[in-house]
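Chemist: See entry.txt below, with compact mmCIF, C-alpha atoms.
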```txt
# COMPACT_ATOMS: atom_id res chain seq x y z
CA MET A 3 10.78 -0.58 20.01
CA SER A 4 14.15 0.34 21.45
CA GLY A 5 17.41 2.03 20.55
CA LEU A 6 18.35 5.44 19.25
CA ALA A 7 15.60 5.54 16.62
CA HIS A 8 12.94 5.26 19.30
CA ARG A 9 14.55 7.89 21.52
CA ALA A 10 15.02 10.39 18.68
CA HIS A 11 12.49 13.09 17.84
CA PRO A 12 9.78 11.39 15.67
CA PHE A 13 10.59 13.63 12.68
CA THR A 14 14.25 12.56 12.64
CA PRO A 15 13.83 8.84 11.68
CA ALA A 16 11.13 9.89 9.18
CA THR A 17 13.47 12.40 7.53
CA VAL A 18 16.39 9.94 7.46
CA ALA A 19 14.21 7.16 5.97
CA LEU A 20 12.87 9.50 3.27
CA ALA A 21 16.37 10.82 2.53
CA LEU A 22 17.71 7.27 2.14
CA ALA A 23 14.80 6.38 -0.18
CA VAL A 24 15.49 9.44 -2.36
CA MET A 25 19.24 8.71 -2.35
CA ALA A 26 18.57 5.12 -3.45
CA LEU A 27 16.59 6.52 -6.39
CA VAL A 28 19.15 9.12 -7.49
CA ALA A 29 22.47 7.39 -6.66
CA PRO A 30 24.39 6.11 -9.72
CA PRO A 31 23.85 2.35 -10.02
CA PRO A 32 25.16 -0.12 -9.08
CA GLN A 33 27.98 1.21 -6.87
CA GLY A 34 26.01 4.22 -5.58
CA THR A 35 22.90 2.14 -4.87
CA LEU A 36 25.02 -0.51 -3.12
CA LEU A 37 26.58 2.21 -0.97
CA VAL A 38 23.13 3.53 0.00
CA TYR A 39 22.00 0.00 0.92
CA VAL A 40 25.12 -0.57 3.05
CA VAL A 41 24.65 2.81 4.76
CA THR A 42 20.95 1.99 5.39
CA VAL A 43 21.83 -1.35 6.98
CA GLY A 44 24.62 0.33 9.00
CA ILE A 45 22.27 3.03 10.33
CA ALA A 46 19.65 0.36 11.14
CA LEU A 47 22.16 -1.72 13.12
CA LEU A 48 23.46 1.35 14.99
CA THR A 49 19.96 2.53 15.92
CA GLY A 50 18.49 -0.81 16.97
CA GLY A 51 16.58 -1.48 13.76
CA ILE A 52 17.85 -5.00 13.03
CA ARG A 53 14.25 -6.29 12.83
CA GLY A 54 13.64 -3.91 9.92
CA VAL A 55 16.74 -5.21 8.11
CA ILE A 56 15.62 -8.84 8.49
CA LEU A 57 12.06 -7.94 7.39
CA GLY A 58 13.59 -6.09 4.44
CA VAL A 59 15.40 -9.23 3.28
CA VAL A 60 12.19 -11.29 3.70
CA VAL A 61 10.17 -8.74 1.67
CA CYS A 62 12.85 -8.37 -1.04
CA LEU A 63 13.75 -12.04 -1.49
CA PRO A 64 10.79 -12.92 -3.80
CA PHE A 65 11.50 -9.80 -5.89
CA TRP A 66 15.18 -10.63 -6.22
CA ILE A 67 14.28 -14.15 -7.39
CA LEU A 68 11.67 -12.79 -9.85
CA LEU A 69 14.14 -10.17 -11.13
CA VAL A 70 16.69 -12.89 -11.93
CA ILE A 71 14.02 -15.04 -13.63
CA MET A 72 12.41 -12.21 -15.65
CA HIS A 73 15.59 -10.37 -16.65
CA GLY A 74 18.42 -12.88 -16.19
CA VAL A 75 16.92 -16.21 -17.30
CA MET A 76 14.34 -14.78 -19.74
CA GLY A 77 16.37 -11.68 -20.70
CA ASP A 78 17.66 -10.86 -24.17
CA ALA A 79 21.02 -11.99 -25.61
CA PRO A 80 24.03 -11.71 -25.26
CA ARG A 81 24.31 -14.29 -22.49
CA ALA A 82 27.58 -14.57 -20.67
CA ILE A 83 27.04 -15.20 -16.98
CA ALA A 84 26.39 -18.87 -16.15
CA VAL A 85 24.87 -19.87 -12.81
CA LEU A 86 24.06 -23.56 -12.11
CA GLY A 87 24.45 -24.32 -15.80
CA VAL A 88 21.97 -21.59 -16.85
CA ALA A 89 23.32 -18.84 -19.13
CA LEU A 90 22.03 -15.48 -17.95
CA SER A 91 21.53 -12.30 -19.96
CA THR A 92 24.32 -9.80 -19.30
CA ALA A 93 22.14 -6.70 -19.74
CA GLY A 94 19.27 -8.37 -17.87
CA MET A 95 21.44 -9.20 -14.87
CA ALA A 96 22.85 -5.66 -14.78
CA TRP A 97 19.29 -4.30 -14.67
CA ALA A 98 18.29 -6.92 -12.05
CA LEU A 99 21.26 -5.94 -9.85
CA GLU A 100 20.49 -2.23 -10.21
CA GLN A 101 16.79 -2.67 -9.48
CA GLY A 102 17.36 -5.24 -6.71
CA LEU A 103 19.78 -2.99 -4.81
CA ARG A 104 17.53 0.05 -5.19
CA LEU A 105 14.51 -1.94 -3.96
CA ALA A 106 16.52 -3.36 -1.03
CA ALA A 107 17.68 0.10 0.10
CA ILE A 108 14.20 1.66 -0.13
CA VAL A 109 12.36 -1.28 1.46
CA THR A 110 14.90 -1.55 4.30
CA ALA A 111 14.78 2.20 5.02
CA SER A 112 10.94 2.09 5.09
CA LEU A 113 10.76 -0.99 7.30
CA VAL A 114 13.41 0.20 9.78
CA PHE A 115 11.41 3.43 10.11
CA ALA A 116 8.07 1.55 10.40
CA THR A 117 9.36 -0.77 13.13
CA SER A 118 10.56 2.19 15.24
CA PHE A 119 7.57 4.45 14.54
CA ASP A 120 5.52 5.41 17.58
CA PRO A 121 2.22 6.92 16.35
CA HIS A 122 1.40 8.58 19.66
CA ARG A 123 4.78 10.35 19.94
CA PHE A 124 4.32 11.42 16.31
CA LEU A 125 0.90 12.90 17.17
CA GLN A 126 2.38 14.81 20.13
CA ALA A 127 5.21 16.15 17.94
CA ALA A 128 2.77 17.18 15.21
CA ILE A 129 0.56 19.03 17.73
CA ALA A 130 3.62 20.78 19.20
CA ARG A 131 4.60 21.94 15.70
CA GLY A 132 1.10 23.24 15.04
CA TRP A 133 0.34 20.83 12.20
CA ARG A 134 -3.26 20.32 11.12
CA PHE A 135 -4.70 18.10 13.83
CA ASP A 136 -7.09 16.16 11.60
CA MET A 137 -4.25 15.02 9.31
CA ALA A 138 -2.02 13.97 12.24
CA PHE A 139 -5.01 12.23 13.85
CA LEU A 140 -5.69 10.33 10.61
CA VAL A 141 -2.21 8.74 10.66
CA VAL A 142 -2.59 7.58 14.27
CA ALA A 143 -6.24 6.51 13.94
CA THR A 144 -5.41 4.54 10.78
CA LEU A 145 -2.58 2.61 12.38
CA ASP A 146 -4.82 1.83 15.36
CA ALA A 147 -7.68 0.82 13.05
CA ALA A 148 -5.40 -1.41 10.96
CA ASP A 149 -4.17 -3.27 14.06
CA ARG A 150 -7.73 -3.69 15.34
CA LEU A 151 -9.07 -4.87 11.97
CA ARG A 152 -6.14 -7.31 11.59
CA GLU A 153 -7.09 -8.91 14.93
CA GLN A 154 -10.76 -9.01 13.88
CA ALA A 155 -9.74 -10.68 10.60
CA VAL A 156 -7.95 -13.46 12.51
CA ARG A 157 -10.92 -13.95 14.86
CA LEU A 158 -13.35 -13.91 11.93
CA ARG A 159 -11.34 -16.55 10.07
CA GLU A 160 -11.48 -18.86 13.10
CA ALA A 161 -15.21 -18.17 13.59
CA GLN A 162 -15.99 -18.92 9.94
CA ARG A 163 -13.99 -22.15 10.17
CA THR A 164 -16.09 -23.31 13.11
CA ARG A 165 -19.18 -22.51 10.99
CA GLY A 166 -17.93 -24.85 8.30
CA LEU A 167 -15.78 -22.70 6.02
CA ARG A 168 -13.14 -24.85 4.38
CA ILE A 169 -10.29 -23.18 2.48
CA GLY A 170 -8.84 -25.73 0.09
CA ARG A 171 -5.75 -25.50 -2.06
CA SER A 172 -7.60 -24.87 -5.33
CA LEU A 173 -8.10 -21.35 -6.68
CA LEU A 174 -11.89 -21.90 -6.82
CA SER A 175 -12.06 -22.94 -3.16
CA LYS A 176 -9.99 -19.92 -2.10
CA SER A 177 -12.10 -17.56 -4.23
CA ARG A 178 -15.27 -18.91 -2.59
CA ALA A 179 -13.82 -18.07 0.83
CA ILE A 180 -13.35 -14.37 -0.03
CA PRO A 181 -16.95 -13.19 0.63
CA ALA A 182 -17.08 -15.05 3.95
CA LEU A 183 -13.79 -13.51 5.08
CA VAL A 184 -14.03 -10.02 3.60
CA PHE A 185 -17.71 -9.05 3.62
CA PRO A 186 -18.24 -9.13 7.44
CA LEU A 187 -15.01 -7.17 7.95
CA MET A 188 -16.16 -4.39 5.63
CA LEU A 189 -19.67 -4.27 7.09
CA MET A 190 -18.27 -4.15 10.63
CA SER A 191 -15.90 -1.31 9.68
CA VAL A 192 -18.67 0.83 8.16
CA MET A 193 -20.94 0.32 11.18
CA GLU A 194 -18.10 1.15 13.59
CA ALA A 195 -17.13 4.25 11.60
CA ASP A 196 -20.75 5.46 11.82
CA GLU A 197 -20.67 5.18 15.63
CA ARG A 198 -17.17 6.70 15.86
CA ALA A 199 -18.27 9.75 13.85
CA LEU A 200 -20.69 10.64 16.64
CA ALA A 201 -17.98 10.16 19.28
CA LEU A 202 -15.55 12.38 17.35
CA GLU A 203 -18.12 15.13 17.00
CA THR A 204 -19.05 15.13 20.69
CA ARG A 205 -15.34 15.25 21.66
CA GLY A 206 -14.73 18.29 19.46
CA LEU A 207 -12.11 16.64 17.29
CA THR A 208 -13.05 18.66 14.25
CA LEU A 209 -12.80 22.04 15.98
CA VAL A 210 -10.15 24.32 14.50
CA GLY A 211 -7.59 26.26 16.54
CA PRO A 212 -4.37 25.59 18.45
CA ARG A 213 -4.09 22.49 20.62
CA THR A 214 -1.84 21.73 23.54
CA SER A 215 0.57 18.84 23.34
CA ILE A 216 0.58 16.99 26.69
CA ASP A 217 4.07 15.53 26.40
CA PRO A 218 5.87 16.90 23.31
CA PRO A 219 9.03 14.96 22.35
CA HIS A 220 12.18 17.02 22.88
CA ASP A 221 13.71 18.25 19.61
CA ARG A 222 17.43 18.27 20.49
CA SER A 223 20.11 20.02 18.48
CA ILE A 224 21.52 16.61 17.43
CA ASP A 225 18.12 15.75 15.93
CA ARG A 226 18.11 18.98 13.93
CA MET A 227 21.70 18.40 12.83
CA ILE A 228 20.86 14.88 11.61
CA ARG A 229 17.88 16.15 9.63
CA TRP A 230 19.97 18.88 7.95
CA ALA A 231 22.76 16.38 7.26
CA ALA A 232 20.26 14.00 5.63
CA LEU A 233 19.06 16.83 3.38
CA LEU A 234 22.63 17.78 2.44
CA LEU A 235 23.47 14.16 1.64
CA VAL A 236 20.50 13.97 -0.73
CA GLY A 237 21.90 17.04 -2.53
CA ALA A 238 25.39 15.54 -2.60
CA THR A 239 24.05 12.25 -4.03
CA ALA A 240 22.17 14.14 -6.75
CA TRP A 241 25.36 16.07 -7.59
CA TRP A 242 27.30 12.75 -7.76
CA ARG A 243 24.77 11.41 -10.30
CA PHE A 244 23.96 14.49 -12.37
CA GLY A 245 26.71 17.01 -11.58
CA MET B 4 -13.12 17.68 7.37
CA SER B 5 -16.46 16.33 8.62
CA PRO B 6 -16.49 13.95 11.64
CA ARG B 7 -18.06 11.27 9.44
CA LEU B 8 -15.22 11.44 6.93
CA LEU B 9 -12.66 11.60 9.75
CA ALA B 10 -14.10 8.35 11.14
CA LEU B 11 -14.55 6.69 7.77
CA ILE B 12 -11.06 7.32 6.35
CA PRO B 13 -9.06 5.29 8.95
CA ALA B 14 -11.59 2.43 8.62
CA ALA B 15 -11.29 2.49 4.81
CA ILE B 16 -7.47 2.57 4.86
CA ALA B 17 -7.49 -0.31 7.35
CA ILE B 18 -9.80 -2.22 4.94
CA ASN B 19 -7.29 -1.61 2.11
CA LEU B 20 -4.37 -2.84 4.21
CA VAL B 21 -6.04 -5.80 5.96
CA VAL B 22 -8.17 -7.15 3.11
CA GLY B 23 -5.11 -6.91 0.84
CA GLN B 24 -3.28 -9.01 3.41
CA VAL B 25 -6.13 -11.58 3.54
CA ALA B 26 -5.97 -11.94 -0.27
CA SER B 27 -2.21 -12.29 -0.11
CA GLU B 28 -2.43 -14.96 2.63
CA LEU B 29 -4.87 -16.92 0.47
CA ALA B 30 -2.22 -16.74 -2.31
CA LEU B 31 -4.83 -15.46 -4.79
CA PRO B 32 -3.68 -13.69 -7.98
CA VAL B 33 -5.70 -10.60 -6.92
CA TYR B 34 -4.84 -7.70 -4.57
CA LEU B 35 -8.21 -6.51 -3.11
CA ASP B 36 -6.25 -3.58 -1.65
CA THR B 37 -8.45 -0.85 -3.10
CA LEU B 38 -11.80 -1.83 -1.57
CA GLY B 39 -11.58 0.94 1.04
CA THR B 40 -10.77 3.55 -1.61
CA SER B 41 -13.78 2.66 -3.75
CA LEU B 42 -15.97 2.37 -0.62
CA VAL B 43 -15.24 5.96 0.46
CA ALA B 44 -15.49 7.25 -3.13
CA VAL B 45 -19.00 5.77 -3.28
CA LEU B 46 -20.08 6.81 0.23
CA ASP B 47 -18.55 10.27 0.44
CA GLY B 48 -17.58 11.25 -3.09
CA LEU B 49 -14.42 11.66 -5.14
CA SER B 50 -12.38 13.86 -2.74
CA GLY B 51 -12.70 11.34 0.11
CA GLY B 52 -11.73 8.49 -2.23
CA LEU B 53 -8.66 10.37 -3.46
CA LEU B 54 -7.57 11.09 0.11
CA VAL B 55 -8.02 7.45 1.17
CA GLY B 56 -6.16 6.22 -1.91
CA THR B 57 -3.21 8.55 -1.30
CA LEU B 58 -2.96 7.87 2.45
CA SER B 59 -3.33 4.10 1.89
CA GLN B 60 -0.48 4.08 -0.55
CA VAL B 61 1.71 6.21 1.78
CA LEU B 62 1.04 3.90 4.75
CA SER B 63 1.38 0.79 2.65
CA GLY B 64 4.67 2.23 1.35
CA MET B 65 5.82 2.74 4.92
CA LEU B 66 5.07 -0.90 5.77
CA ARG B 67 6.18 -2.56 2.51
CA GLY B 68 8.62 -0.10 0.93
CA TYR B 69 8.22 3.38 -0.55
CA VAL B 70 8.75 2.05 -4.08
CA TRP B 71 5.04 1.19 -4.20
CA LEU B 72 4.18 4.90 -3.97
CA ALA B 73 4.65 4.84 -7.75
CA PHE B 74 1.28 3.05 -7.97
CA THR B 75 -0.65 5.89 -6.25
CA PRO B 76 -2.23 6.99 -9.59
CA ILE B 77 -4.00 3.59 -9.68
CA GLN B 78 -5.72 4.43 -6.39
CA TRP B 79 -6.79 7.81 -7.84
CA LEU B 80 -8.12 6.15 -10.98
CA ILE B 81 -10.17 3.71 -8.90
CA ALA B 82 -11.60 6.57 -6.80
CA VAL B 83 -12.63 8.43 -9.98
CA LEU B 84 -14.23 5.36 -11.59
CA ALA B 85 -15.97 4.21 -8.39
CA ALA B 86 -17.46 7.69 -7.87
CA LEU B 87 -18.55 7.73 -11.53
CA ALA B 88 -20.09 4.25 -11.23
CA ALA B 89 -21.95 5.37 -8.08
CA ALA B 90 -23.33 8.48 -9.80
CA ARG B 91 -24.61 6.26 -12.67
CA GLY B 92 -26.23 3.70 -10.34
CA GLY B 93 -23.50 1.17 -11.14
CA PHE B 94 -23.89 -0.88 -7.96
CA GLY B 95 -27.63 -1.65 -8.23
CA THR B 96 -27.19 -5.28 -9.33
CA VAL B 97 -24.39 -7.86 -9.48
CA PRO B 98 -24.04 -7.69 -13.31
CA ARG B 99 -23.85 -3.88 -13.24
CA SER B 100 -21.19 -3.98 -10.50
CA ALA B 101 -19.23 -6.59 -12.47
CA ALA B 102 -19.42 -4.53 -15.68
CA TRP B 103 -18.14 -1.38 -13.95
CA GLY B 104 -15.48 -3.48 -12.21
CA MET B 105 -14.29 -4.83 -15.56
CA ALA B 106 -14.13 -1.33 -17.06
CA CYS B 107 -12.14 -0.18 -14.03
CA GLY B 108 -9.89 -3.26 -14.40
CA VAL B 109 -9.09 -2.38 -18.03
CA ALA B 110 -8.20 1.24 -17.14
CA CYS B 111 -6.16 0.24 -14.09
CA GLY B 112 -4.49 -2.67 -15.89
CA LEU B 113 -3.21 -0.43 -18.68
CA THR B 114 -1.96 2.25 -16.25
CA SER B 115 -0.43 -0.34 -13.94
CA ALA B 116 1.33 -2.07 -16.87
CA ALA B 117 2.87 1.23 -17.96
CA ILE B 118 4.15 2.00 -14.42
CA SER B 119 5.31 -1.56 -13.88
CA PHE B 120 7.19 -1.77 -17.19
CA LEU B 121 8.71 1.71 -17.23
CA LEU B 122 9.78 1.91 -13.58
CA PHE B 123 10.23 -1.70 -12.46
CA GLY B 124 10.98 -3.66 -15.62
CA GLY B 125 7.80 -5.69 -15.05
CA VAL B 126 8.80 -7.08 -11.64
CA THR B 127 6.37 -5.93 -8.94
CA ALA B 128 3.95 -7.98 -6.80
CA ALA B 129 4.72 -11.71 -6.77
CA GLY B 130 1.34 -12.86 -8.19
CA VAL B 131 1.20 -10.57 -11.22
CA THR B 132 4.93 -11.07 -11.93
CA ALA B 133 4.47 -14.84 -11.88
CA VAL B 134 1.64 -14.47 -14.44
CA GLY B 135 3.91 -12.17 -16.48
CA ALA B 136 6.70 -14.79 -16.37
CA LEU B 137 4.23 -17.38 -17.72
CA PHE B 138 3.38 -15.13 -20.68
CA ARG B 139 7.08 -14.41 -21.20
CA SER B 140 7.91 -18.13 -21.28
CA ALA B 141 5.09 -18.55 -23.85
CA GLY B 142 7.06 -16.25 -26.19
CA PHE B 143 5.54 -12.84 -25.43
CA SER B 144 7.89 -9.82 -25.47
CA LEU B 145 8.47 -8.19 -22.05
CA PRO B 146 6.07 -5.21 -22.64
CA ALA B 147 3.38 -7.55 -24.01
CA ALA B 148 3.79 -10.02 -21.13
CA VAL B 149 3.60 -7.24 -18.51
CA THR B 150 0.52 -5.69 -20.15
CA ALA B 151 -1.29 -9.06 -20.50
CA ALA B 152 -0.53 -10.01 -16.88
CA SER B 153 -1.61 -6.62 -15.50
CA MET B 154 -4.83 -6.59 -17.55
CA LEU B 155 -5.75 -10.14 -16.55
CA THR B 156 -5.15 -9.68 -12.82
CA ASP B 157 -6.64 -6.17 -12.69
CA ILE B 158 -9.84 -7.13 -14.49
CA LEU B 159 -10.32 -10.05 -12.09
CA ASP B 160 -9.36 -7.95 -9.06
CA LYS B 161 -11.57 -4.95 -9.81
CA SER B 162 -14.55 -7.11 -10.83
CA ILE B 163 -14.42 -8.98 -7.51
CA SER B 164 -13.89 -5.69 -5.62
CA PHE B 165 -16.87 -3.96 -7.27
CA ILE B 166 -19.13 -7.02 -6.78
CA LEU B 167 -18.21 -7.14 -3.07
CA LEU B 168 -18.73 -3.39 -2.75
CA GLY B 169 -22.13 -3.55 -4.48
CA SER B 170 -23.23 -6.38 -2.15
CA LEU B 171 -22.08 -4.36 0.87
CA LEU B 172 -23.95 -1.23 -0.23
CA ARG B 173 -27.15 -3.17 -0.91
CA SER B 174 -26.99 -4.79 2.53
CA LEU B 175 -26.39 -1.58 4.48
CA PRO B 176 -29.28 -0.57 6.78
CA LEU B 177 -31.37 2.27 5.38
CA ARG B 178 -30.52 4.49 8.40
CA ILE B 179 -26.83 4.39 7.36
CA LEU B 180 -27.41 4.47 3.61
CA GLY B 181 -29.65 7.53 4.12
CA ARG B 182 -26.64 9.51 5.38
CA PHE B 183 -24.78 8.97 2.09
CA PRO B 184 -26.88 10.27 -0.86
CA LEU B 185 -24.31 9.13 -3.46
CA ALA B 186 -24.31 5.58 -2.08
CA ALA B 187 -28.12 5.54 -2.13
CA ARG B 188 -28.01 6.58 -5.80
CA ALA B 189 -25.35 3.94 -6.48
CA VAL B 190 -27.75 1.15 -5.50
CA GLY B 191 -30.82 2.87 -6.98
CA ARG B 192 -32.63 3.76 -3.73
```
Represent the structure contained in this file as structure tokens.
Modeler:
Amino acid sequence: MSGLAHRAHPFTPATVALALAVMALVAPPPQGTLLVYVVTVGIALLTGGIRGVILGVVVCLPFWILLVIMHGVMGDAPRAIAVLGVALSTAGMAWALEQGLRLAAIVTASLVFATSFDPHRFLQAAIARGWRFDMAFLVVATLDAADRLREQAVRLREAQRTRGLRIGRSLLSKSRAIPALVFPLMLMSVMEADERALALETRGLTLVGPRTSIDPPHDRSIDRMIRWAALLLVGATAWWRFG
Amino acid sequence: MSPRLLALIPAAIAINLVVGQVASELALPVYLDTLGTSLVAVLDGLSGGLLVGTLSQVLSGMLRGYVWLAFTPIQWLIAVLAALAAARGGFGTVPRSAAWGMACGVACGLTSAAISFLLFGGVTAAGVTAVGALFRSAGFSLPAAVTAASMLTDILDKSISFILLGSLLRSLPLRILGRFPLAARAVGR
């Protein structure tokens, strides 16, 4: 994590990402949606979020291909556009372009935000703002738990392989592997949650009342300006579409 | 919020995210990304399940794109049906779990097809869209192909999920099961 997005107040990238997602939904397609996507990529490059842009392309690529197949190749007549000797549906391709650009803008905005998101800074900011602690804690604890469980899943897969689990190419072979890979993970999670409940209770995590943030992120005037600007741009985009 | 629920919710959301990823890595035409939601709905009741479903979808949206937030009602539907199945002792045996899973699959498949067709033109997750493309190439109209693909994958997905969940509940130690009266009723203890 580096760049402006990481240095900004945690609420600023979240607000910008949400604003871009809303703008992608309300902007008039395809030119408005294309503009939102270009702006999203531009913001990502300026704030050090290039990884999110690349991930966005990786995530969107299968959808773009499926959109062309489902709506372009298999779409209704009239067919006018020809690519590699295949006549594509005009209306289908227009819909595929509209949907593909919208998806790209939303996915890229989400992934750029996710790759710069620091759960612990978010928790500190939430405490400083006086948000409900249990809800803020849930976000952080979940991201920690997901990382831990992901590592356990990798270790479990290796352990089951050494015990003789073979995952073949057939659907039946893969389906047979599910209980061996999933069941221990779920059991482990329930047992751990039972122990963690006791730890949370003894540490007073469920007590109500104000809490002190140890190191609250500084909410600069530029952060506040960006958040207001994002809100105004959402309004302007809605006016462009519906006004 | 009770400490038990506060500890259980992150674990359940992690189950949704990670098990969904395992299924995706195996390239299976199922999602298995609602196991945590149904687990909490059975252990703690409907409100916990609804919370897990919503938070899972928000976090999953953050990591895969906010467009998938449109499928949040599916998570709610699963929480409702899992809690209902638990109250009726629906996880006592494998056939009972499978039957409730199939019923849940039908309800979720129809809802998912409507969301998928109306908002995304039938193009969503790669597996279900590939199945939809097969139906489309067989001459089905787009709405029919999307509905058939969603029903097929959801029935399979929810049946497997409910069978796994039933097996998990039946194998839980009594000292843990005893803390969750609904789960104890779900397996008939």
Chemist: What does the distance between atom CA of Gly51 of chain A and atom CA of Arg67 of chain B come to in Å, to one decimal place?
Modeler: 15.4 Å
Chemist: Excluding same-chain residues fewer than 2 positions from segment 181-183 of chain B, what lies within 10 Å of it counting only C-alpha atoms, as a list in words?
Modeler: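 Listing them by chain and then by number gives Asp196 of chain A; Arg7, Val45, Leu46, Asp47, Gly48, Leu175, Pro176, Leu177, Arg178, Ile179, Leu185, Ala186, Ala187, Arg188, Ala189 and Arg192 of chain B.
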Chemist: Residues within 12 Å of Leu121 of chain B, please, as a list of chain:residue names. Count all atoms listed in the file; anything in the same chain fewer than 3 positions from it doesn't count.
Modeler: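 The residues that qualify are B:Ala73, B:Phe74, B:Thr114, B:Ser115, B:Ala116, B:Ala117, B:Ile118, B:Gly124, B:Gly125, B:Val126, B:Thr127, B:Leu145, B:Pro146, B:Val149, B:Thr150.
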Chemist: Any idea which chain A residues end up within 8 Å of chain B if we count all atoms listed in the file, as an MDAnalysis selection string please?
Modeler: chainID A and resid 23 61 64:65 68:69 71:72 76 101 105 108:113 115:116 136 140:141 143:145 147:148 151:152 155 173 176:177 180:181 184:185 187:189 191:192 195:196 198:200 202:203 207:208
Chemist: Report as a list in words all protein, DNA and RNA residues lying within 12 Å of Leu48 of chain A, evaluated on all atoms listed in the file, omitting residues in the same chain fewer than 6 positions from it.
Modeler: Ser4, Gly5, Leu6, Ala7, Val41, Thr42, Val55 and Val114 of chain A
